[in-house]
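A quick write-up on the structure given underneath.
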Amino acid sequence: MAETLLTLNDVGVILGGQTIVERVRFSVSRGDIVTVIGPNGAGKTTLIKAILGLQPISTGRIDKTPGLTIGYVPQHIQFQPTLPLTVKRFLSLTRASVADCRKALEQTNVGHLYDASIHHLSGGEMQRLLIARALVRRPDLLVLDEPAQGVDVNGQAALYDLIRALRERLNCGVIMISHDLHLVMAATDKVLCLNQHVCCSGYPEQVSHDPAFVELFGRHVADSVAVYHHHHNHQHDLHGDVVNHEQSRENCEHHASH
Ligand SMILES: Nc1ncnc2c1ncn2[C@@H]1O[C@H](COP(=O)(O)OP(=O)(O)OP(=O)(O)O)[C@@H](O)[C@H]1O
């Protein structure tokens, strides 16, 4: 069984007398990708900050495996536009060796940008750089706050593919926040639907059919997400039979949903 990296037990955060998140419980193991979804103001970033130790919790417990290293990819970073800054210099601020910085850039497929100016990077390249910066710490757990923000649709799919590939290669756990429901449903293992408390959680297929998900996002979104998930897990041949199963689990889900 994969090592459990992090467990949240009835975690709650109260800020300014207001409950921001309450009774959140879930765990992340090595090899897991857990995606937190939910409407604006649902408490997703607050929860991530609590996991990072940046936000004190008011109730409950967060247990981390001893020595856990977390690599964090923030939503965005503001760079002073007049400040000349190269990718090389930016990564050197982590104090990692040149070899480790270069390796991290290679792992996110932007090794060729080592000498480039930060200010010339596209949205997708910037996200890959921020992921690379998180990787130099050799994290057991990668935490990403909306990794595909500012990236076009094709770039978003490529970014989620990269995150999955990194999970395989580094055998780390991943927690991310995302608003891209369709991609989330195709690219994640577990979904946690947060609206202050956990409304529903589980495999994407389960969650997209959960009444709490339908209530939160609407029937139209729930149906389109379920259909998208279906089509992206496998294809049908001319006779309507399923081909290209990604996993037997998804195959089971397919039959269960018909
Ligand atoms: N320091 C604070 N004091 C009081 N309220 C706060 C504080 N920080 C955040 N909040 C409130 O907590 C709620 C949750 O904020 P949070 O940023 O965690 O939501 P989110 O789900 O990440 O939202 P979004 O999807 O818009 O990024 C919001 O209503 C926000 O105004």
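Ligands are numbered from 1 in the order shown, chains are lettered A, B, ... in the order of the structure tokens, and residues start at 1 in each chain.
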>> ligand 1: which residues are within 8 Å, counting only C-alpha atoms and all ligand atoms? Reply as a PyMOL selection string.
In response: chain A and resi 15-18+20-21+38-47+179+194-196
Dump of C-alpha atoms for the selected residues, as a PDB file, in the first residue's frame:
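So the final result, stored in selection.pdb, reads:
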ATOM      1  CA  LEU A  15     -10.999  33.968  10.288  1.00  0.00           C
ATOM      2  CA  GLY A  16     -12.339  37.211  11.705  1.00  0.00           C
ATOM      3  CA  GLY A  17     -15.022  35.257  13.559  1.00  0.00           C
ATOM      4  CA  GLN A  18     -16.185  33.621  10.303  1.00  0.00           C
ATOM      5  CA  ILE A  20     -14.016  29.640   6.304  1.00  0.00           C
ATOM      6  CA  VAL A  21     -13.618  25.860   6.210  1.00  0.00           C
ATOM      7  CA  GLY A  38     -15.456  24.446  -5.507  1.00  0.00           C
ATOM      8  CA  PRO A  39     -16.972  27.866  -6.193  1.00  0.00           C
ATOM      9  CA  ASN A  40     -15.184  31.165  -5.541  1.00  0.00           C
ATOM     10  CA  GLY A  41     -14.778  31.830  -1.862  1.00  0.00           C
ATOM     11  CA  ALA A  42     -15.290  28.150  -0.982  1.00  0.00           C
ATOM     12  CA  GLY A  43     -12.120  28.085   1.118  1.00  0.00           C
ATOM     13  CA  LYS A  44      -9.838  26.211  -1.293  1.00  0.00           C
ATOM     14  CA  THR A  45      -6.827  28.515  -0.976  1.00  0.00           C
ATOM     15  CA  THR A  46      -7.326  28.744   2.779  1.00  0.00           C
ATOM     16  CA  LEU A  47      -7.213  24.968   2.984  1.00  0.00           C
ATOM     17  CA  HIS A 179     -11.499  25.466 -11.800  1.00  0.00           C
ATOM     18  CA  LEU A 194     -15.385  22.003  -1.207  1.00  0.00           C
ATOM     19  CA  ASN A 195     -17.938  24.630  -0.273  1.00  0.00           C
ATOM     20  CA  GLN A 196     -16.714  25.493   3.221  1.00  0.00           C
TER      21      GLN A 196
END
> Quick one: residues within 8 Å of A:Leu135, only C-alpha atoms counted, chain neighbours fewer than 4 positions away excluded, as a ChimeraX atom specification?
Replying inline: /A:71,104,131,139
Exercise: stretch 154-169 of chain A partners within 7 Å, only C-alpha atoms, chain neighbours under 2 positions left out, as a compact mmCIF listing (two decimals) with C-alpha atoms, in the first residue's frame:
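Generated file (result_21.txt):
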# COMPACT_ATOMS: atom_id res chain seq x y z
CA GLY A 31 1.06 8.53 -6.23
CA GLY A 124 2.34 27.99 -20.05
CA ALA A 148 -3.45 26.09 -15.48
CA VAL A 151 -2.85 29.01 -20.05
CA ASP A 152 -4.82 28.30 -23.25
CA ASN A 171 6.38 8.97 -7.05
CA CYS A 172 5.06 11.99 -5.18
CA GLY A 173 1.56 12.90 -4.09
CA LEU A 183 -9.86 18.64 -17.35
CA ALA A 187 -6.86 14.06 -15.19
> A:Val34, A:Cys200, A:Val136, A:Leu85: which is nearest A:Leu6, counting only C-alpha atoms?
Replying inline: A:Val34
>> I need the residues of stretch 4-167 of chain A that end up classed as alpha helix (DSSP H) by DSSP on the backbone, written out as an MDAnalysis selection string.
In response: chainID A and resid 44:52 87:92 98:107 123:135 153:167
Writing out the chosen residues with N, CA and C atoms as a compact mmCIF listing (two decimals), in the first residue's frame:
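And here is the file that came out, part.txt:
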# COMPACT_ATOMS: atom_id res chain seq x y z
N LYS A 44 -10.86 27.10 -0.71
CA LYS A 44 -9.84 26.21 -1.29
C LYS A 44 -8.42 26.70 -0.97
N THR A 45 -8.17 27.98 -1.23
CA THR A 45 -6.83 28.52 -0.98
C THR A 45 -6.51 28.49 0.51
N THR A 46 -7.52 28.79 1.32
CA THR A 46 -7.33 28.74 2.78
C THR A 46 -6.91 27.35 3.22
N LEU A 47 -7.54 26.35 2.64
CA LEU A 47 -7.21 24.97 2.98
C LEU A 47 -5.77 24.63 2.57
N ILE A 48 -5.41 25.07 1.37
CA ILE A 48 -4.04 24.83 0.88
C ILE A 48 -3.03 25.51 1.80
N LYS A 49 -3.35 26.74 2.20
CA LYS A 49 -2.43 27.47 3.10
C LYS A 49 -2.29 26.73 4.42
N ALA A 50 -3.38 26.15 4.90
CA ALA A 50 -3.33 25.39 6.15
C ALA A 50 -2.41 24.18 5.98
N ILE A 51 -2.50 23.52 4.84
CA ILE A 51 -1.65 22.36 4.58
C ILE A 51 -0.18 22.77 4.53
N LEU A 52 0.07 23.95 3.97
CA LEU A 52 1.46 24.44 3.86
C LEU A 52 1.99 24.96 5.19
N VAL A 87 15.57 33.15 -16.01
CA VAL A 87 15.11 31.89 -15.42
C VAL A 87 16.20 31.33 -14.51
N LYS A 88 17.43 31.40 -15.01
CA LYS A 88 18.59 30.88 -14.26
C LYS A 88 18.70 31.57 -12.90
N ARG A 89 18.61 32.88 -12.91
CA ARG A 89 18.74 33.66 -11.67
C ARG A 89 17.57 33.35 -10.72
N PHE A 90 16.37 33.30 -11.30
CA PHE A 90 15.17 33.04 -10.50
C PHE A 90 15.30 31.69 -9.78
N LEU A 91 15.77 30.67 -10.50
CA LEU A 91 15.91 29.35 -9.87
C LEU A 91 17.05 29.32 -8.87
N SER A 92 18.08 30.15 -9.12
CA SER A 92 19.22 30.15 -8.20
C SER A 92 18.81 30.68 -6.82
N VAL A 98 23.24 24.26 -9.65
CA VAL A 98 22.93 24.49 -11.07
C VAL A 98 22.39 23.20 -11.69
N ALA A 99 23.03 22.09 -11.33
CA ALA A 99 22.60 20.79 -11.90
C ALA A 99 21.15 20.49 -11.52
N ASP A 100 20.79 20.76 -10.26
CA ASP A 100 19.42 20.48 -9.83
C ASP A 100 18.41 21.41 -10.51
N CYS A 101 18.81 22.68 -10.68
CA CYS A 101 17.92 23.63 -11.35
C CYS A 101 17.69 23.21 -12.80
N ARG A 102 18.78 22.82 -13.46
CA ARG A 102 18.66 22.40 -14.86
C ARG A 102 17.81 21.14 -14.99
N LYS A 103 18.03 20.23 -14.06
CA LYS A 103 17.26 18.97 -14.08
C LYS A 103 15.77 19.25 -13.91
N ALA A 104 15.45 20.15 -12.98
CA ALA A 104 14.04 20.48 -12.72
C ALA A 104 13.40 21.10 -13.97
N LEU A 105 14.18 21.95 -14.66
CA LEU A 105 13.64 22.57 -15.89
C LEU A 105 13.42 21.51 -16.96
N GLU A 106 14.36 20.55 -17.05
CA GLU A 106 14.20 19.46 -18.02
C GLU A 106 12.94 18.66 -17.69
N GLN A 107 12.71 18.45 -16.40
CA GLN A 107 11.56 17.63 -15.99
C GLN A 107 10.23 18.28 -16.36
N GLY A 123 2.39 32.17 -20.80
CA GLY A 123 1.68 31.72 -19.59
C GLY A 123 2.03 30.27 -19.24
N GLY A 124 2.05 29.41 -20.27
CA GLY A 124 2.34 27.99 -20.05
C GLY A 124 3.78 27.77 -19.59
N GLU A 125 4.71 28.54 -20.20
CA GLU A 125 6.13 28.40 -19.82
C GLU A 125 6.35 28.86 -18.38
N MET A 126 5.64 29.93 -18.01
CA MET A 126 5.77 30.44 -16.63
C MET A 126 5.28 29.39 -15.63
N GLN A 127 4.16 28.74 -15.94
CA GLN A 127 3.65 27.71 -15.03
C GLN A 127 4.65 26.56 -14.90
N ARG A 128 5.29 26.21 -16.03
CA ARG A 128 6.28 25.12 -15.99
C ARG A 128 7.51 25.53 -15.20
N LEU A 129 7.86 26.79 -15.28
CA LEU A 129 8.98 27.28 -14.49
C LEU A 129 8.63 27.22 -12.99
N LEU A 130 7.40 27.60 -12.65
CA LEU A 130 7.01 27.58 -11.23
C LEU A 130 6.96 26.14 -10.70
N ILE A 131 6.55 25.23 -11.57
CA ILE A 131 6.55 23.82 -11.16
C ILE A 131 8.01 23.35 -10.98
N ALA A 132 8.87 23.76 -11.92
CA ALA A 132 10.30 23.38 -11.82
C ALA A 132 10.87 23.90 -10.50
N ARG A 133 10.51 25.12 -10.15
CA ARG A 133 11.03 25.69 -8.90
C ARG A 133 10.59 24.84 -7.70
N ALA A 134 9.37 24.33 -7.76
CA ALA A 134 8.89 23.47 -6.67
C ALA A 134 9.63 22.13 -6.67
N LEU A 135 10.05 21.68 -7.87
CA LEU A 135 10.68 20.36 -7.96
C LEU A 135 12.11 20.33 -7.44
N VAL A 153 -6.36 26.49 -23.77
CA VAL A 153 -6.98 25.18 -23.53
C VAL A 153 -6.04 24.01 -23.85
N ASN A 154 -5.34 24.09 -25.00
CA ASN A 154 -4.41 23.01 -25.34
C ASN A 154 -3.28 22.94 -24.33
N GLY A 155 -2.81 24.11 -23.94
CA GLY A 155 -1.73 24.18 -22.95
C GLY A 155 -2.18 23.61 -21.61
N GLN A 156 -3.44 23.82 -21.27
CA GLN A 156 -3.97 23.31 -20.00
C GLN A 156 -3.91 21.78 -19.98
N ALA A 157 -4.36 21.17 -21.07
CA ALA A 157 -4.35 19.70 -21.13
C ALA A 157 -2.91 19.19 -21.01
N ALA A 158 -1.98 19.89 -21.70
CA ALA A 158 -0.57 19.48 -21.66
C ALA A 158 -0.01 19.61 -20.24
N LEU A 159 -0.46 20.64 -19.54
CA LEU A 159 0.02 20.87 -18.17
C LEU A 159 -0.48 19.77 -17.22
N TYR A 160 -1.73 19.39 -17.39
CA TYR A 160 -2.25 18.30 -16.56
C TYR A 160 -1.55 16.98 -16.89
N ASP A 161 -1.22 16.80 -18.18
CA ASP A 161 -0.46 15.59 -18.57
C ASP A 161 0.89 15.60 -17.87
N LEU A 162 1.51 16.79 -17.84
CA LEU A 162 2.83 16.91 -17.20
C LEU A 162 2.72 16.56 -15.71
N ILE A 163 1.70 17.07 -15.07
CA ILE A 163 1.54 16.81 -13.63
C ILE A 163 1.38 15.30 -13.38
N ARG A 164 0.62 14.66 -14.25
CA ARG A 164 0.47 13.20 -14.11
C ARG A 164 1.79 12.48 -14.33
N ALA A 165 2.54 12.96 -15.33
CA ALA A 165 3.83 12.32 -15.63
C ALA A 165 4.80 12.52 -14.46
N LEU A 166 4.78 13.69 -13.86
CA LEU A 166 5.67 13.97 -12.72
C LEU A 166 5.32 13.08 -11.54
N ARG A 167 4.03 12.92 -11.33
CA ARG A 167 3.57 12.04 -10.25
C ARG A 167 4.16 10.64 -10.42
>> Among stretch 81-258 of chain A, which residues does DSSP mark as strand (DSSP E or B) when it is run on the backbone? Keep the chain and numbering as in the structure and answer as a ChimeraX atom specification.
In response: /A:86,117,141-145,173-177,190-195,197-202,235-236,242-243
Prev. selection, N, CA and C atoms, output as a short mmCIF file (atom, residue, chain, number, x, y, z; two decimals), in the first residue's frame:
data_model
loop_
_atom_site.label_atom_id
_atom_site.label_comp_id
_atom_site.auth_asym_id
_atom_site.auth_seq_id
_atom_site.Cartn_x
_atom_site.Cartn_y
_atom_site.Cartn_z
N THR A 86 16.48 36.55 -15.15
CA THR A 86 16.47 35.38 -16.03
C THR A 86 15.93 34.18 -15.26
N SER A 117 14.77 35.47 -20.41
CA SER A 117 14.25 36.45 -19.46
C SER A 117 12.88 35.97 -18.97
N LEU A 141 5.43 15.78 -1.77
CA LEU A 141 4.07 16.24 -2.05
C LEU A 141 4.15 17.54 -2.83
N LEU A 142 3.46 17.57 -3.96
CA LEU A 142 3.43 18.77 -4.79
C LEU A 142 2.06 19.42 -4.60
N VAL A 143 2.07 20.70 -4.23
CA VAL A 143 0.80 21.42 -3.98
C VAL A 143 0.69 22.54 -5.00
N LEU A 144 -0.37 22.51 -5.80
CA LEU A 144 -0.50 23.50 -6.87
C LEU A 144 -1.82 24.25 -6.74
N ASP A 145 -1.74 25.57 -6.77
CA ASP A 145 -2.94 26.40 -6.68
C ASP A 145 -3.29 26.89 -8.08
N GLY A 173 3.00 12.65 -4.13
CA GLY A 173 1.56 12.90 -4.09
C GLY A 173 1.31 14.30 -4.65
N VAL A 174 0.11 14.53 -5.11
CA VAL A 174 -0.22 15.85 -5.67
C VAL A 174 -1.56 16.32 -5.09
N ILE A 175 -1.59 17.57 -4.63
CA ILE A 175 -2.86 18.21 -4.28
C ILE A 175 -2.94 19.46 -5.13
N MET A 176 -4.03 19.63 -5.85
CA MET A 176 -4.15 20.89 -6.59
C MET A 176 -5.56 21.43 -6.52
N ILE A 177 -5.62 22.73 -6.69
CA ILE A 177 -6.90 23.42 -6.81
C ILE A 177 -7.11 23.63 -8.30
N LYS A 190 -8.69 11.57 -7.44
CA LYS A 190 -9.72 11.85 -6.43
C LYS A 190 -10.11 13.32 -6.53
N VAL A 191 -11.37 13.58 -6.37
CA VAL A 191 -11.86 14.96 -6.38
C VAL A 191 -12.48 15.25 -5.02
N LEU A 192 -12.19 16.44 -4.53
CA LEU A 192 -12.76 16.88 -3.26
C LEU A 192 -13.54 18.15 -3.58
N CYS A 193 -14.83 18.09 -3.43
CA CYS A 193 -15.65 19.24 -3.78
C CYS A 193 -15.92 20.02 -2.49
N LEU A 194 -15.35 21.22 -2.45
CA LEU A 194 -15.38 22.00 -1.21
C LEU A 194 -16.32 23.20 -1.35
N ASN A 195 -17.17 23.39 -0.38
CA ASN A 195 -17.94 24.63 -0.27
C ASN A 195 -18.03 24.91 1.23
N HIS A 197 -17.43 23.22 3.65
CA HIS A 197 -17.21 21.83 4.10
C HIS A 197 -17.07 20.96 2.84
N VAL A 198 -16.71 19.72 3.00
CA VAL A 198 -16.59 18.82 1.84
C VAL A 198 -17.99 18.35 1.45
N CYS A 199 -18.46 18.82 0.29
CA CYS A 199 -19.82 18.46 -0.16
C CYS A 199 -19.85 17.03 -0.66
N CYS A 200 -18.81 16.65 -1.40
CA CYS A 200 -18.73 15.28 -1.89
C CYS A 200 -17.28 15.04 -2.29
N SER A 201 -16.89 13.79 -2.34
CA SER A 201 -15.52 13.47 -2.74
C SER A 201 -15.49 12.06 -3.28
N GLY A 202 -14.45 11.75 -4.03
CA GLY A 202 -14.33 10.40 -4.57
C GLY A 202 -13.72 10.45 -5.96
N GLN A 235 -12.28 5.17 -26.06
CA GLN A 235 -13.01 5.44 -27.30
C GLN A 235 -13.84 4.22 -27.62
N HIS A 236 -14.78 4.41 -28.56
CA HIS A 236 -15.59 3.28 -28.99
C HIS A 236 -15.22 2.92 -30.41
N VAL A 242 -16.00 -0.64 -26.32
CA VAL A 242 -14.99 0.23 -25.73
C VAL A 242 -13.58 -0.26 -26.09
N VAL A 243 -12.74 0.66 -26.54
CA VAL A 243 -11.34 0.33 -26.78
C VAL A 243 -10.48 1.30 -25.98
#
